[in-house]
Every structure is written in C-alpha cells, then in structure tokens.
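These notes are about the structure you will find just below.
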Amino acid sequence: METLNKNDKDFLLNSIRTVEDFPKPGISFKDITTLLGNSKAYTLLMNHLYNRYKDQDIDYIAGIESRGFIFGASLATMLGIKFVPIRKPGKLPYTTISEKYSLEYGVDEVEVHIDAFKCEKENPNVLLIDDLIATGGTAKAAVTLINKAGANCKEACFVINLKFLNGDKEIKKITSVYSVLEVN
Ligand code: AMP
C-alpha cells in the first residue's frame with residue numbers, strides 16, 4: 001500500500017502548527033487547522049489517503065469525534081463509501097453501543113449507533129481514522145467498538161503519531177495501524 005515520500009511528509013509536517021502548553025502546561029498540541037487552511041497540504045494528504053485505500057475493499061470509514069470527522073468524511077466522499085461517526089457519550093440520537101476506556105484520571109467512553117455498519121455484507125470492512133494518536137486509548141476503544149458492532153476494523157489510520165507515547169503498539173495487537181506522519 002502507498003506511503004508518502006520524505007519531501008511530502010516534511011511539507012505536511014510543516015503545515016501543522018504546534019502550540020505549546022495547550023490545553024495544559026507540558027502538552028505540545030498539534031493544531032491541524034493550519035493544515036486544513038492550506039489547500040495544497042490538505043489536497044496532498046487526501047489524495048494520498050485516497051490512493052492508499054481505493055483498492056482495499058473498505059466498506060465504511062469511521063471517524064473519531066471530532067477531528068476524525070473532517071478527514072474521515074472527506075475520504076469517504078472521495079472513495080464513494082459510507083461515513084460513520086464515533087462520538088462522545090450522549091451525542092448520538094438513536095440506540096447506541098459503547099466502549100469505556102481509561103484516562104490518566106477517570107474513564108471516558110465512545111459510542112456508535114447500533115445499526116451503523118448494517119449492510120448487505122456480513123462483517124463489512126471499516127477504516128478507522130483520527131487526526132492524531134497519543135496514548136492510543138481512544139483509538140483502541142474505537143477499534144473494539146467497531147468490532148463489537150458487527151464490523152471488521154481493517155486498519156486504524158492517523159495523520160500524526162506521537163511515537164514516543166507508544167500508543168500504536170497496543171492497537172497493533174488488534175488491528176493494522178498506519179500513520180502518515182510520525183513525531184518523535
Ligand atoms: P489518546 O487517546 O491519548 O491517543 O488521544 C487521542 C485524542 O486526543 C485524539 O483525538 C487527538 O485529537 C487528541 N490529542 C491528544 N494529544 C494531542 C496533541 N498533543 N495534540 C493534538 N491532539 C491531541
């Protein structure tokens with residue numbers, strides 16, 4: 001499957017702004033709004049993802065709230081396939097199933113509509129997408145949720161992987177992982 005060359009990776013990385021100490025001291029926040037506002041960078045990224053996934057028999061794109069919606073919905077439109085939002089608790093109006101995961105302090109949860117992956121195909125293939133993987137807790141819960149909802153999470157895709165946090169290692173135990181960019 002297609003990956004990006006070093007020049008294109010550098011160009012994309014430079015289109016993302018880093019904001020220090022947001023939302024709290026010590027966090028280097030990767031601000032993808034500057035990538036979205038750079039049409040050359042956004043087009044390069046989306047064309048790359050389209051080329052990578054166009055022949056992979058993907059039936060659905062699932063995007064994690066909220067920045068995963070932007071890349072996921074764009075890609076689903078390009079591929080001509082369905083988009084499913086994976087949301088924080090209490091946001092989806094119909095019957096949901098959910099998956100809890102641990103945070104540094106406390107727990108959080110992701111939800112999906114119970115019929116989100118219902119189609120003519122049994123066990124349809126899903127590509128999960130989010131902007132960034134940090135500890136991997138959110139994405140791991142989302143992969144588990146997709147599989148619980150009767151689908152097969154074929155790959156989890158991230159624009160940025162904060163490699164030093166090793167979040168991808170846990171997810172690789174349950175699905176394939178692809179990160180467009182890695183930050184060490
Ligand atoms: P995690 O569950 O720790 O992998 O956190 C992933 C989620 O938190 C993603 O949806 C990201 O959008 C967000 N996130 C975590 N750390 C950062 C960061 N340094 N910069 C931007 N977003 C982040």
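We name chains A, B, ... following the order of the structure tokens; residues begin at 1 in each chain, and ligands are numbered from 1 as shown.
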Discussion item. Just list as a count of residues only whatever in chain A DSSP marks as strand (DSSP E).
Written reply: 60
Show which residues sit within 12 Å of A:Gly90, as a short mmCIF file (atom, residue, chain, number, x, y, z; two decimals) with N, CA and C atoms, in the first residue's frame. Count only C-alpha atoms, and ignore same-chain residues fewer than 6 positions away.
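See part_39.cif below for the written result:
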```
data_model
loop_
_atom_site.label_atom_id
_atom_site.label_comp_id
_atom_site.auth_asym_id
_atom_site.auth_seq_id
_atom_site.Cartn_x
_atom_site.Cartn_y
_atom_site.Cartn_z
N THR A 96 -27.55 3.20 20.90
CA THR A 96 -26.10 3.12 20.71
C THR A 96 -25.50 1.91 21.42
N ILE A 97 -24.29 1.55 21.03
CA ILE A 97 -23.46 0.67 21.85
C ILE A 97 -22.21 1.47 22.20
N SER A 98 -21.57 1.11 23.31
CA SER A 98 -20.47 1.96 23.77
C SER A 98 -19.30 1.13 24.28
N ASP A 108 -13.42 7.43 30.16
CA ASP A 108 -14.20 8.08 29.11
C ASP A 108 -14.87 6.97 28.29
N GLU A 109 -15.61 7.36 27.28
CA GLU A 109 -16.41 6.39 26.55
C GLU A 109 -16.57 6.85 25.10
N VAL A 110 -16.67 5.89 24.18
CA VAL A 110 -17.04 6.22 22.80
C VAL A 110 -18.30 5.45 22.44
N GLU A 111 -19.11 6.04 21.57
CA GLU A 111 -20.38 5.41 21.20
C GLU A 111 -20.56 5.40 19.68
N VAL A 112 -21.36 4.43 19.24
CA VAL A 112 -21.73 4.36 17.81
C VAL A 112 -23.18 3.87 17.74
N HIS A 113 -23.89 4.26 16.72
CA HIS A 113 -25.25 3.74 16.53
C HIS A 113 -25.20 2.23 16.32
#
```
Discussion item. Just checking: using only C-alpha atoms and all ligand atoms, which residue out of A:Lys163, A:Lys82, A:Lys54, A:Lys91 ends up closest to ligand 1?
Written reply: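 Counting only C-alpha atoms and all ligand atoms, the residue closest to ligand 1 is A:Lys163.
Excluding A:Arg17 and any residue on its chain fewer than 5 positions from it, the residues at most 9 Å away by only C-alpha atoms are Phe29, Lys30, Asp31, Ile32, Thr33, Thr34 and Leu35 of chain A.
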Discussion item. Please determine, counting only C-alpha atoms and all ligand atoms, which residue among A:Lys154, A:Arg87, A:Lys173, A:Arg52 has the shortest atom-to-atom distance to ligand 1.
Written reply: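 Of A:Lys154, A:Arg87, A:Lys173, A:Arg52, the one nearest ligand 1, counting only C-alpha atoms and all ligand atoms, is A:Arg87.
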Using DSSP on the backbone coordinates, identify all residues within stretch 21-67 of chain A classified as helix (DSSP H, G or I); present the result as a compact mmCIF listing (two decimals) with N, CA, C and O atoms, in the first residue's frame.
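selection.txt written:
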```
# COMPACT_ATOMS: atom_id res chain seq x y z
N THR A 33 -5.61 22.75 12.22
CA THR A 33 -6.39 23.78 11.50
C THR A 33 -5.52 24.47 10.44
O THR A 33 -6.03 24.92 9.42
N THR A 34 -4.21 24.54 10.69
CA THR A 34 -3.32 25.18 9.70
C THR A 34 -3.12 24.29 8.47
O THR A 34 -2.90 24.79 7.37
N LEU A 35 -3.23 22.97 8.68
CA LEU A 35 -3.19 22.04 7.52
C LEU A 35 -4.47 22.21 6.70
O LEU A 35 -4.45 22.30 5.48
N LEU A 36 -5.62 22.27 7.42
CA LEU A 36 -6.91 22.41 6.72
C LEU A 36 -6.98 23.73 5.96
O LEU A 36 -7.62 23.81 4.91
N SER A 39 -4.63 24.68 1.28
CA SER A 39 -5.32 23.78 0.34
C SER A 39 -4.36 22.81 -0.35
O SER A 39 -4.72 21.68 -0.66
N LYS A 40 -3.09 23.24 -0.54
CA LYS A 40 -2.11 22.35 -1.17
C LYS A 40 -1.81 21.16 -0.23
O LYS A 40 -1.72 20.01 -0.67
N ALA A 41 -1.67 21.45 1.06
CA ALA A 41 -1.38 20.40 2.04
C ALA A 41 -2.58 19.47 2.22
O ALA A 41 -2.44 18.24 2.23
N TYR A 42 -3.75 20.05 2.34
CA TYR A 42 -4.96 19.24 2.56
C TYR A 42 -5.22 18.33 1.35
O TYR A 42 -5.52 17.14 1.48
N THR A 43 -5.04 18.89 0.14
CA THR A 43 -5.24 18.10 -1.07
C THR A 43 -4.21 16.98 -1.17
O THR A 43 -4.54 15.84 -1.51
N LEU A 44 -2.95 17.30 -0.85
CA LEU A 44 -1.89 16.28 -0.88
C LEU A 44 -2.24 15.14 0.08
O LEU A 44 -2.16 13.95 -0.28
N LEU A 45 -2.64 15.49 1.29
CA LEU A 45 -2.99 14.46 2.29
C LEU A 45 -4.17 13.61 1.81
O LEU A 45 -4.09 12.37 1.85
N MET A 46 -5.23 14.25 1.34
CA MET A 46 -6.43 13.49 0.98
C MET A 46 -6.19 12.63 -0.27
O MET A 46 -6.67 11.51 -0.34
N ASN A 47 -5.42 13.15 -1.23
CA ASN A 47 -5.11 12.34 -2.41
C ASN A 47 -4.25 11.13 -2.03
O ASN A 47 -4.43 10.03 -2.57
N HIS A 48 -3.34 11.34 -1.09
CA HIS A 48 -2.52 10.22 -0.61
C HIS A 48 -3.40 9.15 0.03
O HIS A 48 -3.26 7.96 -0.27
N LEU A 49 -4.31 9.57 0.91
CA LEU A 49 -5.18 8.59 1.58
C LEU A 49 -6.10 7.90 0.57
O LEU A 49 -6.34 6.69 0.65
N TYR A 50 -6.58 8.66 -0.41
CA TYR A 50 -7.43 8.07 -1.45
C TYR A 50 -6.65 6.97 -2.20
O TYR A 50 -7.14 5.85 -2.37
N ASN A 51 -5.42 7.29 -2.61
CA ASN A 51 -4.62 6.31 -3.36
C ASN A 51 -4.29 5.08 -2.52
O ASN A 51 -4.25 3.97 -3.02
N ARG A 52 -4.05 5.31 -1.22
CA ARG A 52 -3.72 4.19 -0.34
C ARG A 52 -4.90 3.23 -0.16
O ARG A 52 -4.72 2.02 -0.11
N TYR A 53 -6.12 3.78 -0.08
CA TYR A 53 -7.25 2.94 0.30
C TYR A 53 -8.23 2.60 -0.82
O TYR A 53 -9.14 1.82 -0.62
N ARG A 67 -12.05 15.72 15.26
CA ARG A 67 -11.20 15.98 14.09
C ARG A 67 -11.14 14.80 13.13
O ARG A 67 -10.87 14.96 11.94
```
Quick one: residues within 8 Å of ligand 1, with only C-alpha atoms and all ligand atoms, as a PDB file with N, CA, C and O atoms, in the first residue's frame?
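Printed below is pocket-v8.pdb as written:
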```
ATOM      1  N   THR A  18       2.385  23.760  15.933  1.00  0.00           N
ATOM      2  CA  THR A  18       2.491  23.217  17.292  1.00  0.00           C
ATOM      3  C   THR A  18       2.259  24.343  18.280  1.00  0.00           C
ATOM      4  O   THR A  18       2.899  25.393  18.192  1.00  0.00           O
ATOM      5  N   ILE A  27       1.906  20.119  27.494  1.00  0.00           N
ATOM      6  CA  ILE A  27       1.390  19.473  26.269  1.00  0.00           C
ATOM      7  C   ILE A  27       1.786  20.307  25.045  1.00  0.00           C
ATOM      8  O   ILE A  27       1.581  21.514  24.997  1.00  0.00           O
ATOM      9  N   SER A  28       2.379  19.613  24.039  1.00  0.00           N
ATOM     10  CA  SER A  28       2.662  20.240  22.739  1.00  0.00           C
ATOM     11  C   SER A  28       1.510  19.880  21.829  1.00  0.00           C
ATOM     12  O   SER A  28       1.456  18.764  21.311  1.00  0.00           O
ATOM     13  N   PHE A  29       0.587  20.784  21.629  1.00  0.00           N
ATOM     14  CA  PHE A  29      -0.637  20.475  20.883  1.00  0.00           C
ATOM     15  C   PHE A  29      -0.417  20.606  19.384  1.00  0.00           C
ATOM     16  O   PHE A  29       0.066  21.637  18.903  1.00  0.00           O
ATOM     17  N   LYS A  30      -0.764  19.568  18.644  1.00  0.00           N
ATOM     18  CA  LYS A  30      -0.635  19.579  17.180  1.00  0.00           C
ATOM     19  C   LYS A  30      -1.924  20.143  16.592  1.00  0.00           C
ATOM     20  O   LYS A  30      -2.969  19.479  16.630  1.00  0.00           O
ATOM     21  N   ASP A  31      -1.835  21.352  16.065  1.00  0.00           N
ATOM     22  CA  ASP A  31      -3.002  22.085  15.582  1.00  0.00           C
ATOM     23  C   ASP A  31      -3.171  21.870  14.079  1.00  0.00           C
ATOM     24  O   ASP A  31      -2.457  22.476  13.271  1.00  0.00           O
ATOM     25  N   ILE A  32      -4.123  20.992  13.715  1.00  0.00           N
ATOM     26  CA  ILE A  32      -4.291  20.659  12.289  1.00  0.00           C
ATOM     27  C   ILE A  32      -5.132  21.704  11.528  1.00  0.00           C
ATOM     28  O   ILE A  32      -5.328  21.564  10.328  1.00  0.00           O
ATOM     29  N   ILE A  64     -13.321   9.400  14.404  1.00  0.00           N
ATOM     30  CA  ILE A  64     -13.452   9.674  15.842  1.00  0.00           C
ATOM     31  C   ILE A  64     -13.686  11.175  16.056  1.00  0.00           C
ATOM     32  O   ILE A  64     -12.975  12.013  15.491  1.00  0.00           O
ATOM     33  N   GLU A  65     -14.686  11.490  16.893  1.00  0.00           N
ATOM     34  CA  GLU A  65     -15.014  12.889  17.226  1.00  0.00           C
ATOM     35  C   GLU A  65     -13.802  13.609  17.793  1.00  0.00           C
ATOM     36  O   GLU A  65     -13.126  13.058  18.659  1.00  0.00           O
ATOM     37  N   SER A  66     -13.527  14.850  17.398  1.00  0.00           N
ATOM     38  CA  SER A  66     -14.242  15.493  16.314  1.00  0.00           C
ATOM     39  C   SER A  66     -13.358  15.689  15.073  1.00  0.00           C
ATOM     40  O   SER A  66     -13.856  15.800  13.968  1.00  0.00           O
ATOM     41  N   ARG A  67     -12.046  15.718  15.258  1.00  0.00           N
ATOM     42  CA  ARG A  67     -11.197  15.979  14.087  1.00  0.00           C
ATOM     43  C   ARG A  67     -11.139  14.800  13.126  1.00  0.00           C
ATOM     44  O   ARG A  67     -10.868  14.965  11.939  1.00  0.00           O
ATOM     45  N   GLY A  68     -11.449  13.602  13.622  1.00  0.00           N
ATOM     46  CA  GLY A  68     -11.533  12.439  12.741  1.00  0.00           C
ATOM     47  C   GLY A  68     -12.691  12.551  11.759  1.00  0.00           C
ATOM     48  O   GLY A  68     -12.694  11.914  10.702  1.00  0.00           O
ATOM     49  N   LEU A 103      -8.607   6.995  31.280  1.00  0.00           N
ATOM     50  CA  LEU A 103      -7.801   8.203  31.085  1.00  0.00           C
ATOM     51  C   LEU A 103      -6.790   8.248  32.221  1.00  0.00           C
ATOM     52  O   LEU A 103      -6.814   7.395  33.117  1.00  0.00           O
ATOM     53  N   ASP A 130      -8.449   9.055  12.607  1.00  0.00           N
ATOM     54  CA  ASP A 130      -8.425  10.185  13.540  1.00  0.00           C
ATOM     55  C   ASP A 130      -7.237  11.067  13.171  1.00  0.00           C
ATOM     56  O   ASP A 130      -6.331  10.639  12.443  1.00  0.00           O
ATOM     57  N   ASP A 131      -7.227  12.277  13.720  1.00  0.00           N
ATOM     58  CA  ASP A 131      -6.125  13.187  13.369  1.00  0.00           C
ATOM     59  C   ASP A 131      -4.823  12.739  14.003  1.00  0.00           C
ATOM     60  O   ASP A 131      -3.766  12.849  13.382  1.00  0.00           O
ATOM     61  N   LEU A 132      -4.913  12.214  15.245  1.00  0.00           N
ATOM     62  CA  LEU A 132      -3.665  12.006  15.999  1.00  0.00           C
ATOM     63  C   LEU A 132      -3.809  10.841  16.964  1.00  0.00           C
ATOM     64  O   LEU A 132      -4.869  10.658  17.565  1.00  0.00           O
ATOM     65  N   ILE A 133      -2.735  10.058  17.115  1.00  0.00           N
ATOM     66  CA  ILE A 133      -2.704   9.042  18.164  1.00  0.00           C
ATOM     67  C   ILE A 133      -1.659   9.460  19.193  1.00  0.00           C
ATOM     68  O   ILE A 133      -0.504   9.715  18.856  1.00  0.00           O
ATOM     69  N   ALA A 134      -2.117   9.536  20.452  1.00  0.00           N
ATOM     70  CA  ALA A 134      -1.214   9.874  21.560  1.00  0.00           C
ATOM     71  C   ALA A 134      -0.999   8.595  22.369  1.00  0.00           C
ATOM     72  O   ALA A 134      -0.203   7.743  21.970  1.00  0.00           O
ATOM     73  N   THR A 135      -1.753   8.396  23.460  1.00  0.00           N
ATOM     74  CA  THR A 135      -1.599   7.158  24.241  1.00  0.00           C
ATOM     75  C   THR A 135      -2.294   5.974  23.561  1.00  0.00           C
ATOM     76  O   THR A 135      -2.030   4.827  23.898  1.00  0.00           O
ATOM     77  N   GLY A 136      -3.201   6.270  22.654  1.00  0.00           N
ATOM     78  CA  GLY A 136      -3.899   5.207  21.923  1.00  0.00           C
ATOM     79  C   GLY A 136      -5.179   4.732  22.585  1.00  0.00           C
ATOM     80  O   GLY A 136      -5.883   3.890  22.025  1.00  0.00           O
ATOM     81  N   GLY A 137      -5.512   5.281  23.753  1.00  0.00           N
ATOM     82  CA  GLY A 137      -6.705   4.828  24.489  1.00  0.00           C
ATOM     83  C   GLY A 137      -7.994   5.009  23.702  1.00  0.00           C
ATOM     84  O   GLY A 137      -8.818   4.087  23.634  1.00  0.00           O
ATOM     85  N   THR A 138      -8.154   6.170  23.092  1.00  0.00           N
ATOM     86  CA  THR A 138      -9.392   6.459  22.350  1.00  0.00           C
ATOM     87  C   THR A 138      -9.508   5.528  21.146  1.00  0.00           C
ATOM     88  O   THR A 138     -10.570   4.943  20.897  1.00  0.00           O
ATOM     89  N   ALA A 139      -8.418   5.393  20.409  1.00  0.00           N
ATOM     90  CA  ALA A 139      -8.457   4.576  19.194  1.00  0.00           C
ATOM     91  C   ALA A 139      -8.667   3.096  19.521  1.00  0.00           C
ATOM     92  O   ALA A 139      -9.395   2.403  18.806  1.00  0.00           O
ATOM     93  N   LYS A 140      -8.063   2.630  20.605  1.00  0.00           N
ATOM     94  CA  LYS A 140      -8.235   1.218  20.965  1.00  0.00           C
ATOM     95  C   LYS A 140      -9.706   0.932  21.286  1.00  0.00           C
ATOM     96  O   LYS A 140     -10.270  -0.075  20.850  1.00  0.00           O
ATOM     97  N   LEU A 162       2.208  10.366  17.724  1.00  0.00           N
ATOM     98  CA  LEU A 162       3.205  10.800  18.720  1.00  0.00           C
ATOM     99  C   LEU A 162       3.917   9.533  19.188  1.00  0.00           C
ATOM    100  O   LEU A 162       3.555   8.906  20.172  1.00  0.00           O
ATOM    101  N   GLY A 167       1.549   4.631  21.718  1.00  0.00           N
ATOM    102  CA  GLY A 167       0.125   4.280  21.627  1.00  0.00           C
ATOM    103  C   GLY A 167      -0.163   3.275  20.528  1.00  0.00           C
ATOM    104  O   GLY A 167      -1.062   2.441  20.655  1.00  0.00           O
TER     105      GLY A 167
END
```
